[in-house]
There are 2 protein chains.
Amino acid sequence: MSSERPRPPASPTISEVAAAAGVGRATVARSLGNYGSVSEATRSHVLAVAARLGYRVNSLARSMTTGVTKTLGVVLADVANPFFAGVLRGLSDAAKQEGYDILVLSTNEELSEEKAAVGLLLDKQVDGLIVASAATRNDDLAHLQAVRERGVPIVLIDRLLAGFDADSVVINNREAAREAVATLIEAGHTRIGFVWGPVTVQPAEDLEAMRSVLDGALWSDGERLRGYLDALADADLEFDTSLVTHVIKTETQATRAVSGMLALAEPPTAFFTTETDATVGTLRALRNRRLRCPDDVSLLGFDDTPWADVMEPPLSMVAQPMRDVGARAAELLIARIHGGDDEPLVHEVLPAQMVERGSVRKRKPTLLPR
Amino acid sequence: MSSERPRPPASPTISEVAAAAGVGRATVARSLGNYGSVSEATRSHVLAVAARLGYRVNSLARSMTTGVTKTLGVVLADVANPFFAGVLRGLSDAAKQEGYDILVLSTNEELSEEKAAVGLLLDKQVDGLIVASAATRNDDLAHLQAVRERGVPIVLIDRLLAGFDADSVVINNREAAREAVATLIEAGHTRIGFVWGPVTVQPAEDLEAMRSVLDGALWSDGERLRGYLDALADADLEFDTSLVTHVIKTETQATRAVSGMLALAEPPTAFFTTETDATVGTLRALRNRRLRCPDDVSLLGFDDTPWADVMEPPLSMVAQPMRDVGARAAELLIARIHGGDDEPLVHEVLPAQMVERGSVRKRKPTLLPR
DNA sequence: ATCAACTTTGATACCGGTATCAGAAGGTAG
DNA sequence: CTACCTTCTGATACCGGTATCAAAGTTGAT
């Protein structure tokens, strides 16, 4: 109101409210906090004064004494990735429902960033942690052990970890991938490209080598490839390592790798993709070669999107229940925060849903080369 | 190590480190905090002890005394919306760069949720606030005024507000929309559907009514519609209110509304869409009516996506620099936090980029009906 | 040996809440 | 009227850091 700067316009503290109301600090706290016993008269008086002064609690100070921040820490790879964005949405909604806030940090799949993120969240005294870890089997998990030692509950999402057991919420990656690839096989495809295996410098030489590569991969990636191998094995199809990409996960790399496969003597007649960027990259490669989907090449991939339905042809896709993953993780974590370590660990596996549209074409059964 | 529960495994405090190291608390703080003067000997000793005990600072306590949380509050509509997801990514990266964390709350475009979110973030003592407000011209902005009164810096993104001036980062919505629609007009289209005007129960009766509707709309929505009107005016085309949708913003509603337009006696030959869901909904409506793009109907819309390029036809779109919006907002806010209120407000306008692909077809100049 | 100037260190107030405890006020019973 | 139990209230310790201040210890110059 006055034109001269009111020096500290900062929010009033409980002491100031107490002074203004002519009562003790504890009485104010009781009135505001709705606990203990306060006479109705003073209580309403205090509330009125607090409202007049525009009092707001200082959550920091409160957390300081209660030891509870009502905040969940979330560590994931990239908030702009549609999958994680969906997860975050579910997470955020469920947490809000229970009166929790969310502190999100992303790691770009870098373990070093993950460690820093986890440390930061611990420092901020989050009540619990939700992590989609970038760690693979060979990595050091000390940062997660540290979380446990401090008694902070933790829920893993999207990826399990070999050396660290905790509550978890994941998709049935292996089975979903197997089912999807089986669909392609049933449609008569025998040469099926797999876009986005684990990154390696050299493609695995044979099935055995591939299996050991899998041990060093992100859990979800490994599972999807295992599902692919399962489907091949079920149908007695031979595994051809040249049909699995091993490139860094960007759209352009996918395009390049798929183009390579299409140039093979015996090119794939179908592709199975494990993520949005892989799908888009594959489509681009097809377009570059003037191949039509599904007439020339069939396509089936992970992660449904609103766009899939208006593509030409409409794309068949494996839809992950992203929001549910987030929501369940939040619920699990909050239950653990309230419940304690006594109950046994929960390992939730949500089913992915195959949405068949029009990108898989039945292939005429060609006579096998003798 | 020991099998019996070590009662409080919680992280050691500065006092415990001090006790273990046989020095005073202040000395520990100095060693750890790297300030004041400590002899090299004690310093390294303290550091060693701290490391051995696994000491981690309690950010809450620190913030308590310093009055700084190194945390930015972010309020937006929906983290799963690709636009906001992109913004968030830019925001998050830029903030991390400067050593800040981000507390995100989403509002689902509900003003009541926005107020709650802002209050919560203030309670948590964020150092600054970034808000994509759901408020329209007629709404009460007391919650934002309160932020200012508490001396917490605030940056508006994506939407400006009539009654509240602050640092801001937005897109040149009006000009970008005008340019896009002008492209359609240059291609010979005169009946251009506008998908997603402001929500109203009744479509505006005429241009005048429309202008007043705009006052009650979300800023960005209004600007895009103004750009559309600008383009029509520039080309001396008459404005037809039946070509503007006024439905709730969901994909299905867009489909329904567009179907309605296509059933008009003189249906649109081109559509301009203002968001991803509007674009997808429009495409679905075209598909339902077996209309082909761009042969039968041209399409141009806001918010580019990786999918646009592999559509049939590849979609021409207006690409918003989402990450830049987020990054600039974070930079601006942090500068304001460090700088103070003295410098004048900054209103940043980032240009959207039109990406021409193949969804706009030149239309044979039909003779105007006499 | 004396004193000033500087370095190193510990003690302690403080941030803004919550929680405990004890005393004051009011009501009822003996 | 005194004893005792409730209800209400204020004073104060505490959470885990930071910041200030004064005391103790060093060093060097005179």
# chains A, B, ... in the order shown; residues from 1 in each chain; ligands from 1
$ residues_around --residues "segment 356-359 of chain B" --least-positions-apart "2" --cutoff "12 Å" --atoms "only C-alpha atoms (C1' of nucleotides)" --output "count of residues only"
39
$ residues_around --residues "segment 201-211 of chain B" --least-positions-apart "4" --cutoff "9 Å" --atoms "only C-alpha atoms (C1' of nucleotides)" --output "list in words"
Asp215, Gly222, Arg226, Phe239, Asp240, Thr241, Ser242, Val244, Thr245, His246 and Val247 of chain B
$ write_last_selection --atoms "C-alpha atoms" --output "PDB file, in the first residue's frame"
ATOM      1  CA  ASP B 215     -11.057 -11.771 -23.821  1.00  0.00           C
ATOM      2  CA  GLY B 222      -6.799 -16.220 -28.025  1.00  0.00           C
ATOM      3  CA  ARG B 226      -6.384 -13.641 -33.513  1.00  0.00           C
ATOM      4  CA  PHE B 239     -15.015 -14.742 -41.226  1.00  0.00           C
ATOM      5  CA  ASP B 240     -17.444 -17.600 -40.751  1.00  0.00           C
ATOM      6  CA  THR B 241     -18.079 -18.462 -37.108  1.00  0.00           C
ATOM      7  CA  SER B 242     -19.217 -21.951 -38.022  1.00  0.00           C
ATOM      8  CA  VAL B 244     -14.345 -22.341 -35.410  1.00  0.00           C
ATOM      9  CA  THR B 245     -14.761 -25.163 -32.877  1.00  0.00           C
ATOM     10  CA  HIS B 246     -15.722 -24.302 -29.341  1.00  0.00           C
ATOM     11  CA  VAL B 247     -15.527 -27.686 -27.686  1.00  0.00           C
TER      12      VAL B 247
END
$ select_by_dssp --residues "segment 112-237 of chain B" --states "strand (DSSP E or B)" --output "list in words"
Gly128, Leu129, Ile130, Val131, Ile154, Val155, Leu156, Ile157, Leu161, Phe164, Asp167, Ser168, Val169, Val170, Ile171, Ile192, Gly193, Phe194 and Val195 of chain B
$ write_last_selection --atoms "N, CA and C atoms" --output "PDB file, in the first residue's frame"
ATOM      1  N   GLY B 128      11.880 -19.511  -6.341  1.00  0.00           N
ATOM      2  CA  GLY B 128      11.215 -18.821  -7.433  1.00  0.00           C
ATOM      3  C   GLY B 128      10.157 -19.718  -8.034  1.00  0.00           C
ATOM      4  N   LEU B 129       9.328 -19.122  -8.892  1.00  0.00           N
ATOM      5  CA  LEU B 129       8.180 -19.851  -9.402  1.00  0.00           C
ATOM      6  C   LEU B 129       8.071 -19.667 -10.910  1.00  0.00           C
ATOM      7  N   ILE B 130       7.760 -20.754 -11.603  1.00  0.00           N
ATOM      8  CA  ILE B 130       7.487 -20.689 -13.035  1.00  0.00           C
ATOM      9  C   ILE B 130       6.077 -21.206 -13.236  1.00  0.00           C
ATOM     10  N   VAL B 131       5.245 -20.383 -13.863  1.00  0.00           N
ATOM     11  CA  VAL B 131       3.826 -20.736 -13.941  1.00  0.00           C
ATOM     12  C   VAL B 131       3.268 -20.589 -15.361  1.00  0.00           C
ATOM     13  N   ILE B 154       8.807 -14.565  -9.989  1.00  0.00           N
ATOM     14  CA  ILE B 154       7.915 -15.442 -10.750  1.00  0.00           C
ATOM     15  C   ILE B 154       8.086 -15.182 -12.238  1.00  0.00           C
ATOM     16  N   VAL B 155       8.086 -16.249 -13.014  1.00  0.00           N
ATOM     17  CA  VAL B 155       8.177 -16.139 -14.468  1.00  0.00           C
ATOM     18  C   VAL B 155       6.978 -16.847 -15.073  1.00  0.00           C
ATOM     19  N   LEU B 156       6.282 -16.155 -15.956  1.00  0.00           N
ATOM     20  CA  LEU B 156       5.138 -16.765 -16.639  1.00  0.00           C
ATOM     21  C   LEU B 156       5.624 -17.426 -17.919  1.00  0.00           C
ATOM     22  N   ILE B 157       5.109 -18.613 -18.220  1.00  0.00           N
ATOM     23  CA  ILE B 157       5.458 -19.236 -19.491  1.00  0.00           C
ATOM     24  C   ILE B 157       4.210 -19.602 -20.267  1.00  0.00           C
ATOM     25  N   LEU B 161      -0.812 -12.867 -18.780  1.00  0.00           N
ATOM     26  CA  LEU B 161      -2.028 -12.601 -18.018  1.00  0.00           C
ATOM     27  C   LEU B 161      -2.349 -11.119 -18.087  1.00  0.00           C
ATOM     28  N   PHE B 164      -1.678  -9.170 -14.577  1.00  0.00           N
ATOM     29  CA  PHE B 164      -0.491  -9.481 -13.788  1.00  0.00           C
ATOM     30  C   PHE B 164       0.735  -9.470 -14.680  1.00  0.00           C
ATOM     31  N   ASP B 167       8.031 -11.214 -15.484  1.00  0.00           N
ATOM     32  CA  ASP B 167       8.928 -11.767 -16.492  1.00  0.00           C
ATOM     33  C   ASP B 167       8.169 -12.877 -17.206  1.00  0.00           C
ATOM     34  N   SER B 168       8.429 -13.034 -18.503  1.00  0.00           N
ATOM     35  CA  SER B 168       7.673 -14.060 -19.223  1.00  0.00           C
ATOM     36  C   SER B 168       8.449 -14.605 -20.409  1.00  0.00           C
ATOM     37  N   VAL B 169       8.110 -15.823 -20.775  1.00  0.00           N
ATOM     38  CA  VAL B 169       8.659 -16.454 -21.973  1.00  0.00           C
ATOM     39  C   VAL B 169       7.497 -17.103 -22.717  1.00  0.00           C
ATOM     40  N   VAL B 170       7.219 -16.591 -23.888  1.00  0.00           N
ATOM     41  CA  VAL B 170       6.103 -17.130 -24.675  1.00  0.00           C
ATOM     42  C   VAL B 170       6.518 -17.270 -26.140  1.00  0.00           C
ATOM     43  N   ILE B 171       5.614 -17.872 -26.899  1.00  0.00           N
ATOM     44  CA  ILE B 171       5.807 -18.022 -28.339  1.00  0.00           C
ATOM     45  C   ILE B 171       5.087 -16.874 -29.047  1.00  0.00           C
ATOM     46  N   ILE B 192     -11.384 -22.221 -44.246  1.00  0.00           N
ATOM     47  CA  ILE B 192     -10.369 -22.863 -43.414  1.00  0.00           C
ATOM     48  C   ILE B 192     -10.916 -23.101 -42.011  1.00  0.00           C
ATOM     49  N   GLY B 193     -11.013 -24.363 -41.620  1.00  0.00           N
ATOM     50  CA  GLY B 193     -11.505 -24.692 -40.286  1.00  0.00           C
ATOM     51  C   GLY B 193     -10.449 -24.400 -39.235  1.00  0.00           C
ATOM     52  N   PHE B 194     -10.902 -23.868 -38.092  1.00  0.00           N
ATOM     53  CA  PHE B 194      -9.986 -23.568 -36.992  1.00  0.00           C
ATOM     54  C   PHE B 194     -10.341 -24.510 -35.842  1.00  0.00           C
ATOM     55  N   VAL B 195      -9.450 -25.431 -35.537  1.00  0.00           N
ATOM     56  CA  VAL B 195      -9.792 -26.422 -34.528  1.00  0.00           C
ATOM     57  C   VAL B 195      -9.193 -26.045 -33.177  1.00  0.00           C
TER      58      VAL B 195
END
$ interface_residues --of "chain A" --to "chain D" --cutoff "10 Å" --atoms "only C-alpha atoms (C1' of nucleotides)" --output "VMD selection string"
chain A and resid 23 to 27 36 to 39 42 61 to 67
$ closest_residue --among "A:Val28, A:Ala41, A:Ala135, A:Ala21" --to "chain C" --atoms "only C-alpha atoms (C1' of nucleotides)"
A:Val28
$ closest_residue --among "B:Ala134, B:Leu60, B:Ala20, B:Val126" --to "chain A" --atoms "only C-alpha atoms"
B:Leu60
$ residues_around --residues "Tyr55 of chain B" --least-positions-apart "5" --cutoff "9 Å" --atoms "only C-alpha atoms (C1' of nucleotides)" --output "ChimeraX atom specification"
/B:11-14,17,49-50
$ write_last_selection --atoms "N, CA and C atoms" --output "JSON list (two decimals), in the first residue's frame"
[["chain", "number", "residue", "atom", "x", "y", "z"],
["B", 11, "SER", "N", 21.10, -40.92, 9.09],
["B", 11, "SER", "CA", 22.37, -40.31, 8.76],
["B", 11, "SER", "C", 22.90, -39.49, 9.93],
["B", 12, "PRO", "N", 24.22, -39.51, 10.10],
["B", 12, "PRO", "CA", 24.83, -38.77, 11.21],
["B", 12, "PRO", "C", 24.69, -37.26, 11.01],
["B", 13, "THR", "N", 24.65, -36.55, 12.13],
["B", 13, "THR", "CA", 24.54, -35.10, 12.04],
["B", 13, "THR", "C", 25.92, -34.48, 12.21],
["B", 14, "ILE", "N", 25.96, -33.20, 12.05],
["B", 14, "ILE", "CA", 27.22, -32.49, 12.17],
["B", 14, "ILE", "C", 27.78, -32.64, 13.60],
["B", 17, "VAL", "N", 29.55, -35.97, 13.91],
["B", 17, "VAL", "CA", 30.85, -35.91, 13.25],
["B", 17, "VAL", "C", 31.83, -35.18, 14.15],
["B", 49, "VAL", "N", 36.77, -38.28, 8.77],
["B", 49, "VAL", "CA", 35.77, -38.80, 9.72],
["B", 49, "VAL", "C", 34.37, -38.72, 9.12],
["B", 50, "ALA", "N", 34.08, -37.58, 8.50],
["B", 50, "ALA", "CA", 32.76, -37.39, 7.89],
["B", 50, "ALA", "C", 32.51, -38.46, 6.84]]
$ closest_residue --among "A:Leu264, A:Val346, A:Ala254, A:Val75" --to "Ser133 of chain A" --atoms "only C-alpha atoms"
A:Val75
$ interface_residues --of "chain C" --to "chain B" --cutoff "12 Å" --atoms "only C-alpha atoms (C1' of nucleotides)" --output "MDAnalysis selection string"
chainID C and resid 6:17
$ write_last_selection --atoms "N, CA, C and O atoms (P, O5', C5', C4', C3', O3' and C1' of nucleotides)" --output "short mmCIF file (atom, residue, chain, number, x, y, z; two decimals), in the first residue's frame"
data_model
loop_
_atom_site.label_atom_id
_atom_site.label_comp_id
_atom_site.auth_asym_id
_atom_site.auth_seq_id
_atom_site.Cartn_x
_atom_site.Cartn_y
_atom_site.Cartn_z
P DC C 6 46.20 -8.20 10.39
"O5'" DC C 6 46.27 -9.79 10.32
"C5'" DC C 6 47.55 -10.42 10.15
"C4'" DC C 6 47.45 -11.85 10.58
"C3'" DC C 6 46.15 -12.53 10.11
"O3'" DC C 6 46.49 -13.68 9.34
"C1'" DC C 6 46.58 -13.01 12.39
P DT C 7 45.28 -14.49 8.54
"O5'" DT C 7 45.34 -15.87 9.32
"C5'" DT C 7 46.61 -16.46 9.59
"C4'" DT C 7 46.43 -17.59 10.58
"C3'" DT C 7 45.33 -18.58 10.21
"O3'" DT C 7 45.86 -19.90 10.34
"C1'" DT C 7 45.04 -17.81 12.42
P DT C 8 45.02 -21.18 9.77
"O5'" DT C 8 44.31 -21.68 11.10
"C5'" DT C 8 45.12 -22.17 12.16
"C4'" DT C 8 44.26 -22.38 13.38
"C3'" DT C 8 43.06 -23.30 13.17
"O3'" DT C 8 43.26 -24.46 13.96
"C1'" DT C 8 42.51 -21.41 14.50
P DT C 9 42.17 -25.67 13.86
"O5'" DT C 9 41.13 -25.27 14.98
"C5'" DT C 9 41.53 -25.32 16.34
"C4'" DT C 9 40.46 -24.73 17.21
"C3'" DT C 9 39.09 -25.39 17.11
"O3'" DT C 9 38.99 -26.34 18.16
"C1'" DT C 9 38.97 -23.01 17.38
P DG C 10 37.66 -27.26 18.29
"O5'" DG C 10 36.79 -26.38 19.28
"C5'" DG C 10 37.35 -25.96 20.52
"C4'" DG C 10 36.38 -25.09 21.27
"C3'" DG C 10 34.97 -25.69 21.44
"O3'" DG C 10 34.54 -25.42 22.77
"C1'" DG C 10 34.80 -23.59 20.36
P DA C 11 33.21 -26.06 23.33
"O5'" DA C 11 32.32 -24.75 23.55
"C5'" DA C 11 32.94 -23.58 24.09
"C4'" DA C 11 31.94 -22.43 24.13
"C3'" DA C 11 30.49 -22.83 24.42
"O3'" DA C 11 29.91 -21.83 25.25
"C1'" DA C 11 30.60 -21.76 22.32
P DT C 12 28.41 -21.99 25.77
"O5'" DT C 12 27.57 -21.19 24.67
"C5'" DT C 12 27.91 -19.83 24.41
"C4'" DT C 12 27.01 -19.29 23.31
"C3'" DT C 12 25.55 -19.74 23.40
"O3'" DT C 12 24.74 -18.60 23.15
"C1'" DT C 12 26.35 -20.11 21.26
P DA C 13 23.24 -18.57 23.70
"O5'" DA C 13 22.52 -17.54 22.70
"C5'" DA C 13 23.23 -16.38 22.27
"C4'" DA C 13 22.78 -16.01 20.85
"C3'" DA C 13 21.27 -16.10 20.64
"O3'" DA C 13 20.85 -15.02 19.81
"C1'" DA C 13 22.35 -17.57 19.15
P DC C 14 19.27 -14.77 19.58
"O5'" DC C 14 19.01 -15.47 18.18
"C5'" DC C 14 19.77 -15.08 17.03
"C4'" DC C 14 19.44 -16.00 15.89
"C3'" DC C 14 17.94 -16.35 15.75
"O3'" DC C 14 17.45 -15.81 14.55
"C1'" DC C 14 19.32 -18.27 15.48
P DC C 15 15.86 -15.50 14.42
"O5'" DC C 15 15.46 -16.41 13.18
"C5'" DC C 15 16.23 -16.42 11.99
"C4'" DC C 15 15.91 -17.68 11.23
"C3'" DC C 15 14.46 -18.14 11.42
"O3'" DC C 15 13.68 -17.71 10.32
"C1'" DC C 15 16.04 -19.98 11.60
P DG C 16 12.27 -17.02 10.61
"O5'" DG C 16 11.31 -18.26 10.86
"C5'" DG C 16 11.05 -19.15 9.78
"C4'" DG C 16 10.31 -20.36 10.32
"C3'" DG C 16 9.05 -20.01 11.13
"O3'" DG C 16 8.06 -20.97 10.81
"C1'" DG C 16 10.45 -21.37 12.40
P DG C 17 6.51 -20.60 11.02
"O5'" DG C 17 5.85 -22.04 10.89
"C5'" DG C 17 5.49 -22.76 12.03
"C4'" DG C 17 6.33 -24.02 12.13
"C3'" DG C 17 5.81 -25.02 13.13
"O3'" DG C 17 4.99 -25.95 12.47
"C1'" DG C 17 8.18 -24.66 13.40
#
$ interface_residues --of "chain B" --to "chain A" --cutoff "6 Å" --atoms "only C-alpha atoms" --output "VMD selection string"
chain B and resid 9 to 10 57 to 60 79 to 80 85 to 86 89 103 123 to 124 150 311 to 312
$ select_by_dssp --residues "segment 136-275 of chain B" --states "alpha helix (DSSP H)" --output "number ranges by chain"
B: 142-149, 173-186, 207-215, 219-234, 251-262
